[in-house]
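Colleague: Here it is, the structure, as structure tokens.
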Amino acid sequence: MAPADRSFARRTLLTTTAALTGSALLAGTAHAAETRHAAWPAQFPLPDGFQPEGITIGSEPYAYFGSLANGDIYRASLATGRGKVVAKGSGRPTVGLKIDRHGRLFLAGGDSGEIRTVDARSGETEQVHATGGTFVNDVILTPGAAWFTDSFKPVLYKLAKGAVETVPLTGDWQQGPEFTANGIERTPDGRALLVVNTFAGGGGLMRVDPRTGVARAVDLGASKLPNGDGLLLLGHTLYAVQQQQNAIDVFRLNGSGTRGAAITRITDPRFRIPTTAAAWGKRLYLPNARFDVEPTPATDYDAVAVRQV
């Protein structure tokens, strides 16, 4: 072999060895992280009488839960399951909630008709917005805005730059005589919103143009979401919590979110009417809302974790 050939072969060997070593290190790191997370609790208690509904997880392994009873925000460590109330409510409910990268919580205020923002670190309420709505239910964050559903009115609320805009829902949107809109997400391409409509067509998804409010039914084949609640999109995989069915229906969406194919249904004996889901690692975390029992100050509540698909 000529010197140049030997030099090339050596570089190739070193590069290949480095790549293999790097891959091994990455695989080892991923395996260690997965092993560590597997030791974290897959079920942990929430305060008695708390009445959880929403959950959000940010860039750190802490889950935040909102209380329907009084609006409190409870933060739990995913590593230990232990937690505490980090923001006191004022008697007005907290339904859906999301946390942004700055540690700001966006809260849907249920039948108070309010949208609130809270500093997750200090627990201080930053802003309170009256929407004039009937039941502000769930929220999703997009670049520059937070979008909220109203379960009894055919509208979305857009919070941007400290002001709330009401966006009427038109097109295929059908408003039922009772509870209609619930969970909300973004499409995989980020250009539109996905909203659960528990009434139209026996229950399903609507793809909403955020500029116009025009809604189009998402083709889910034969699948229905009559008890659809929280939505969670990871890549092209959409998790739709069906609360009364104690299940999570999983779909593979196309990029624009106009079509979805059913992948599987996740069930678990620990489910007690779960409502919403958030992800950390390879797990989904869900609060058990226990809507099948009459709530009391002594009613026990918890959160459970299941593996992602």
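Ordering of the structure tokens sets the chain letters (A, B, ...); residue numbers start at 1 within each chain; ligands are numbered from 1 in the order shown.
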Please produce, as a Markdown table, a per-residue contact table for segment 87-152 of chain A versus segment 165-181 of chain A (criterion: any atom at most 12 Å away, only C-alpha atoms considered), showing the nearest atom pair and its distance in Å to one decimal, sorted by chain then residue number.

Modeller:
| residue | atom | partner | partner_atom | distance |
| --- | --- | --- | --- | --- |
| A:Ile115 | CA | A:Glu165 | CA | 11.7 |
| A:His129 | CA | A:Glu165 | CA | 10.7 |
| A:Ala130 | CA | A:Glu165 | CA | 10.9 |
| A:Thr131 | CA | A:Thr166 | CA | 7.9 |
| A:Gly132 | CA | A:Thr166 | CA | 9.5 |
| A:Gly133 | CA | A:Thr166 | CA | 9.4 |
| A:Thr134 | CA | A:Phe179 | CA | 10.5 |
| A:Phe135 | CA | A:Phe179 | CA | 9.1 |
| A:Val136 | CA | A:Ala181 | CA | 9.6 |
| A:Asn137 | CA | A:Ala181 | CA | 8.0 |
| A:Asp138 | CA | A:Ala181 | CA | 8.9 |
| A:Val139 | CA | A:Ala181 | CA | 11.5 |
| A:Ala145 | CA | A:Glu165 | CA | 10.4 |
| A:Ala146 | CA | A:Glu165 | CA | 10.5 |
| A:Trp147 | CA | A:Glu165 | CA | 9.6 |
| A:Phe148 | CA | A:Thr166 | CA | 9.7 |
| A:Thr149 | CA | A:Ala181 | CA | 6.3 |
| A:Asp150 | CA | A:Ala181 | CA | 6.2 |
| A:Ser151 | CA | A:Ala181 | CA | 4.4 |
| A:Phe152 | CA | A:Phe179 | CA | 5.6 |

Colleague: Mind writing the picked residues with all heavy atoms as a compact mmCIF listing (two decimals), in the first residue's frame?

Modeller:
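selection.txt written:
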# COMPACT_ATOMS: atom_id res chain seq x y z
N ILE A 115 -59.03 33.97 31.09
CA ILE A 115 -57.71 33.47 30.72
C ILE A 115 -56.72 34.12 31.68
O ILE A 115 -56.75 35.34 31.87
CB ILE A 115 -57.36 33.83 29.27
CG1 ILE A 115 -58.23 33.04 28.29
CG2 ILE A 115 -55.88 33.60 28.99
CD1 ILE A 115 -58.11 33.52 26.86
N HIS A 129 -57.54 37.96 31.90
CA HIS A 129 -58.29 38.47 30.76
C HIS A 129 -59.71 37.91 30.80
O HIS A 129 -59.89 36.69 30.89
CB HIS A 129 -57.64 38.07 29.44
CG HIS A 129 -56.22 38.53 29.30
ND1 HIS A 129 -55.88 39.77 28.80
CD2 HIS A 129 -55.05 37.90 29.59
CE1 HIS A 129 -54.57 39.89 28.79
NE2 HIS A 129 -54.04 38.78 29.27
N ALA A 130 -60.69 38.79 30.72
CA ALA A 130 -62.09 38.35 30.61
C ALA A 130 -62.41 38.15 29.14
O ALA A 130 -62.21 39.06 28.32
CB ALA A 130 -63.02 39.39 31.23
N THR A 131 -62.91 36.97 28.79
CA THR A 131 -63.22 36.69 27.39
C THR A 131 -64.68 36.91 27.05
O THR A 131 -65.03 37.02 25.88
CB THR A 131 -62.89 35.22 27.05
OG1 THR A 131 -63.77 34.36 27.81
CG2 THR A 131 -61.45 34.90 27.38
N GLY A 132 -65.54 36.96 28.08
CA GLY A 132 -66.97 36.97 27.82
C GLY A 132 -67.48 35.59 27.43
O GLY A 132 -68.62 35.44 26.98
N GLY A 133 -66.62 34.57 27.59
CA GLY A 133 -66.97 33.21 27.21
C GLY A 133 -67.75 32.49 28.29
O GLY A 133 -67.99 33.01 29.39
N THR A 134 -68.13 31.27 27.97
CA THR A 134 -68.94 30.47 28.88
C THR A 134 -68.15 29.39 29.60
O THR A 134 -68.37 29.13 30.78
CB THR A 134 -70.10 29.81 28.11
OG1 THR A 134 -69.55 29.09 26.99
CG2 THR A 134 -71.08 30.84 27.61
N PHE A 135 -67.21 28.72 28.89
CA PHE A 135 -66.37 27.71 29.52
C PHE A 135 -65.06 27.62 28.74
O PHE A 135 -64.98 26.90 27.73
CB PHE A 135 -67.07 26.35 29.56
CG PHE A 135 -66.38 25.37 30.48
CD1 PHE A 135 -66.77 25.28 31.81
CD2 PHE A 135 -65.36 24.56 30.03
CE1 PHE A 135 -66.14 24.39 32.68
CE2 PHE A 135 -64.72 23.66 30.88
CZ PHE A 135 -65.12 23.57 32.20
N VAL A 136 -64.06 28.35 29.20
CA VAL A 136 -62.76 28.33 28.56
C VAL A 136 -62.05 27.05 28.99
O VAL A 136 -61.74 26.87 30.16
CB VAL A 136 -61.93 29.57 28.94
CG1 VAL A 136 -60.62 29.59 28.15
CG2 VAL A 136 -62.72 30.84 28.67
N ASN A 137 -61.80 26.16 28.02
CA ASN A 137 -61.48 24.79 28.37
C ASN A 137 -60.01 24.41 28.24
O ASN A 137 -59.39 23.95 29.18
CB ASN A 137 -62.33 23.84 27.51
CG ASN A 137 -62.27 22.39 27.96
OD1 ASN A 137 -61.24 21.90 28.37
ND2 ASN A 137 -63.39 21.71 27.87
N ASP A 138 -59.44 24.56 27.06
CA ASP A 138 -58.09 24.06 26.85
C ASP A 138 -57.27 25.09 26.08
O ASP A 138 -57.82 26.02 25.49
CB ASP A 138 -58.12 22.72 26.11
CG ASP A 138 -56.89 21.86 26.40
OD1 ASP A 138 -55.99 22.34 27.12
OD2 ASP A 138 -56.83 20.72 25.92
N VAL A 139 -55.94 24.87 26.03
CA VAL A 139 -55.04 25.87 25.46
C VAL A 139 -53.88 25.17 24.76
O VAL A 139 -53.43 24.10 25.18
CB VAL A 139 -54.51 26.82 26.56
CG1 VAL A 139 -53.88 26.04 27.71
CG2 VAL A 139 -53.52 27.83 26.01
N ALA A 145 -48.58 33.35 20.08
CA ALA A 145 -49.96 33.37 20.56
C ALA A 145 -50.27 32.15 21.40
O ALA A 145 -49.60 31.11 21.33
CB ALA A 145 -50.94 33.46 19.39
N ALA A 146 -51.31 32.28 22.23
CA ALA A 146 -51.91 31.15 22.94
C ALA A 146 -53.36 31.07 22.49
O ALA A 146 -54.06 32.09 22.42
CB ALA A 146 -51.84 31.36 24.45
N TRP A 147 -53.82 29.86 22.16
CA TRP A 147 -55.16 29.64 21.63
C TRP A 147 -55.98 28.81 22.62
O TRP A 147 -55.50 27.80 23.13
CB TRP A 147 -55.10 28.92 20.30
CG TRP A 147 -54.50 29.73 19.20
CD1 TRP A 147 -53.17 29.87 18.91
CD2 TRP A 147 -55.20 30.52 18.24
NE1 TRP A 147 -53.00 30.70 17.84
CE2 TRP A 147 -54.23 31.11 17.39
CE3 TRP A 147 -56.56 30.78 18.00
CZ2 TRP A 147 -54.57 31.95 16.33
CZ3 TRP A 147 -56.90 31.61 16.95
CH2 TRP A 147 -55.92 32.19 16.13
N PHE A 148 -57.23 29.25 22.86
CA PHE A 148 -58.09 28.62 23.85
C PHE A 148 -59.41 28.21 23.21
O PHE A 148 -59.95 28.93 22.36
CB PHE A 148 -58.38 29.58 25.01
CG PHE A 148 -57.18 30.00 25.80
CD1 PHE A 148 -56.31 30.98 25.32
CD2 PHE A 148 -56.90 29.44 27.04
CE1 PHE A 148 -55.20 31.38 26.04
CE2 PHE A 148 -55.79 29.83 27.77
CZ PHE A 148 -54.94 30.80 27.28
N THR A 149 -59.95 27.08 23.67
CA THR A 149 -61.28 26.65 23.23
C THR A 149 -62.34 27.11 24.22
O THR A 149 -62.06 27.36 25.40
CB THR A 149 -61.36 25.13 23.10
OG1 THR A 149 -61.02 24.51 24.36
CG2 THR A 149 -60.42 24.62 22.03
N ASP A 150 -63.57 27.22 23.73
CA ASP A 150 -64.75 27.47 24.57
C ASP A 150 -65.73 26.35 24.28
O ASP A 150 -66.16 26.16 23.14
CB ASP A 150 -65.38 28.82 24.24
CG ASP A 150 -66.45 29.22 25.25
OD1 ASP A 150 -67.31 28.37 25.59
OD2 ASP A 150 -66.45 30.38 25.69
N SER A 151 -66.08 25.60 25.31
CA SER A 151 -66.88 24.39 25.08
C SER A 151 -68.34 24.65 24.75
O SER A 151 -69.03 23.75 24.25
CB SER A 151 -66.80 23.49 26.32
OG SER A 151 -65.49 23.01 26.49
N PHE A 152 -68.83 25.85 25.00
CA PHE A 152 -70.25 26.13 24.76
C PHE A 152 -70.49 27.22 23.72
O PHE A 152 -71.63 27.62 23.51
CB PHE A 152 -70.95 26.50 26.07
CG PHE A 152 -71.03 25.36 27.04
CD1 PHE A 152 -70.10 25.24 28.07
CD2 PHE A 152 -72.02 24.40 26.94
CE1 PHE A 152 -70.15 24.20 28.97
CE2 PHE A 152 -72.09 23.35 27.83
CZ PHE A 152 -71.15 23.25 28.85

Colleague: Would you mind writing down, as a list in words, each residue of segment 31-248 of chain A that DSSP on the backbone assigns to alpha helix (DSSP H)?

Modeller: His31, Ala32, Ala33, Glu34, Thr35, Arg36, His37 and Ala38 of chain A

Colleague: For each of A:Arg207, A:Arg252, A:Arg283, A:Arg265, take the minimum atom-to-atom distance to Pro41 of chain A, counting only C-alpha atoms, then give the residue where this is smallest.

Modeller: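 Under the stated criterion, the closest residue is A:Arg283.
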
Colleague: What lies within 8 Å of Val195 of chain A using only C-alpha atoms, ignoring chain neighbours under 6 positions off, as JSON, numbers by chain?

Modeller: {"A": [149, 181, 182, 183, 184, 185, 205, 206, 207, 208]}

Colleague: Would you export the selected residues with all heavy atoms as an mmCIF file, in the first residue's frame, please?

Modeller:
data_model
loop_
_atom_site.group_PDB
_atom_site.id
_atom_site.type_symbol
_atom_site.label_atom_id
_atom_site.label_comp_id
_atom_site.auth_asym_id
_atom_site.auth_seq_id
_atom_site.Cartn_x
_atom_site.Cartn_y
_atom_site.Cartn_z
ATOM 1 N N THR A 149 -59.946 27.079 23.672
ATOM 2 C CA THR A 149 -61.280 26.655 23.230
ATOM 3 C C THR A 149 -62.343 27.113 24.225
ATOM 4 O O THR A 149 -62.064 27.358 25.402
ATOM 5 C CB THR A 149 -61.360 25.127 23.098
ATOM 6 O OG1 THR A 149 -61.024 24.512 24.363
ATOM 7 C CG2 THR A 149 -60.416 24.618 22.028
ATOM 8 N N ALA A 181 -66.635 21.873 22.036
ATOM 9 C CA ALA A 181 -65.181 21.961 21.835
ATOM 10 C C ALA A 181 -64.437 21.547 23.098
ATOM 11 O O ALA A 181 -64.860 21.840 24.211
ATOM 12 C CB ALA A 181 -64.778 23.377 21.444
ATOM 13 N N ASN A 182 -63.308 20.864 22.904
ATOM 14 C CA ASN A 182 -62.518 20.443 24.055
ATOM 15 C C ASN A 182 -61.040 20.668 23.781
ATOM 16 O O ASN A 182 -60.596 21.800 23.697
ATOM 17 C CB ASN A 182 -62.822 18.978 24.404
ATOM 18 C CG ASN A 182 -62.555 18.688 25.867
ATOM 19 O OD1 ASN A 182 -61.617 19.202 26.455
ATOM 20 N ND2 ASN A 182 -63.388 17.839 26.469
ATOM 21 N N GLY A 183 -60.253 19.607 23.576
ATOM 22 C CA GLY A 183 -58.818 19.736 23.428
ATOM 23 C C GLY A 183 -58.409 20.450 22.158
ATOM 24 O O GLY A 183 -59.149 20.493 21.167
ATOM 25 N N ILE A 184 -57.182 20.998 22.180
ATOM 26 C CA ILE A 184 -56.671 21.751 21.030
ATOM 27 C C ILE A 184 -55.179 21.462 20.872
ATOM 28 O O ILE A 184 -54.450 21.301 21.861
ATOM 29 C CB ILE A 184 -56.939 23.261 21.205
ATOM 30 C CG1 ILE A 184 -56.490 24.052 19.962
ATOM 31 C CG2 ILE A 184 -56.295 23.802 22.463
ATOM 32 C CD1 ILE A 184 -56.950 25.510 19.982
ATOM 33 N N GLU A 185 -54.734 21.364 19.615
ATOM 34 C CA GLU A 185 -53.332 21.122 19.282
ATOM 35 C C GLU A 185 -53.001 21.848 17.990
ATOM 36 O O GLU A 185 -53.860 22.466 17.367
ATOM 37 C CB GLU A 185 -53.062 19.621 19.109
ATOM 38 C CG GLU A 185 -52.213 18.978 20.195
ATOM 39 C CD GLU A 185 -50.777 19.444 20.231
ATOM 40 O OE1 GLU A 185 -50.384 20.293 19.397
ATOM 41 O OE2 GLU A 185 -50.013 18.962 21.086
ATOM 42 N N LEU A 205 -62.369 15.325 15.010
ATOM 43 C CA LEU A 205 -61.433 16.444 14.997
ATOM 44 C C LEU A 205 -61.801 17.424 13.906
ATOM 45 O O LEU A 205 -62.276 17.047 12.837
ATOM 46 C CB LEU A 205 -60.005 15.957 14.721
ATOM 47 C CG LEU A 205 -59.228 15.266 15.824
ATOM 48 C CD1 LEU A 205 -57.858 14.856 15.295
ATOM 49 C CD2 LEU A 205 -59.081 16.162 17.033
ATOM 50 N N MET A 206 -61.529 18.703 14.167
ATOM 51 C CA MET A 206 -61.643 19.757 13.169
ATOM 52 C C MET A 206 -60.276 20.406 12.982
ATOM 53 O O MET A 206 -59.567 20.668 13.958
ATOM 54 C CB MET A 206 -62.660 20.813 13.603
ATOM 55 C CG MET A 206 -64.089 20.323 13.676
ATOM 56 S SD MET A 206 -64.832 20.148 12.036
ATOM 57 C CE MET A 206 -66.409 19.404 12.471
ATOM 58 N N ARG A 207 -59.935 20.649 11.721
ATOM 59 C CA ARG A 207 -58.728 21.409 11.396
ATOM 60 C C ARG A 207 -59.153 22.842 11.162
ATOM 61 O O ARG A 207 -59.967 23.132 10.285
ATOM 62 C CB ARG A 207 -58.050 20.839 10.148
ATOM 63 C CG ARG A 207 -56.768 21.572 9.741
ATOM 64 C CD ARG A 207 -56.265 21.033 8.406
ATOM 65 N NE ARG A 207 -54.979 21.603 8.026
ATOM 66 C CZ ARG A 207 -54.819 22.766 7.411
ATOM 67 N NH1 ARG A 207 -55.886 23.502 7.091
ATOM 68 N NH2 ARG A 207 -53.615 23.203 7.095
ATOM 69 N N VAL A 208 -58.609 23.765 11.952
ATOM 70 C CA VAL A 208 -59.039 25.160 11.926
ATOM 71 C C VAL A 208 -57.933 26.046 11.382
ATOM 72 O O VAL A 208 -56.793 25.997 11.868
ATOM 73 C CB VAL A 208 -59.455 25.638 13.338
ATOM 74 C CG1 VAL A 208 -59.871 27.100 13.305
ATOM 75 C CG2 VAL A 208 -60.579 24.771 13.896
#

Colleague: Enumerate the residues of segment 51-295 of chain A with a DSSP assignment of strand (DSSP E), computed from the backbone, and present them as an NGL selection string.

Modeller: :A and (52-57 or 62-67 or 73-77 or 83-87 or 97-99 or 104-108 or 114-119 or 125-130 or 136-142 or 145-150 or 155-160 or 163-168 or 170-171 or 181-186 or 193-197 or 204-208 or 214-217 or 228-234 or 237-242 or 247-253 or 260-267 or 278-280 or 283-287)
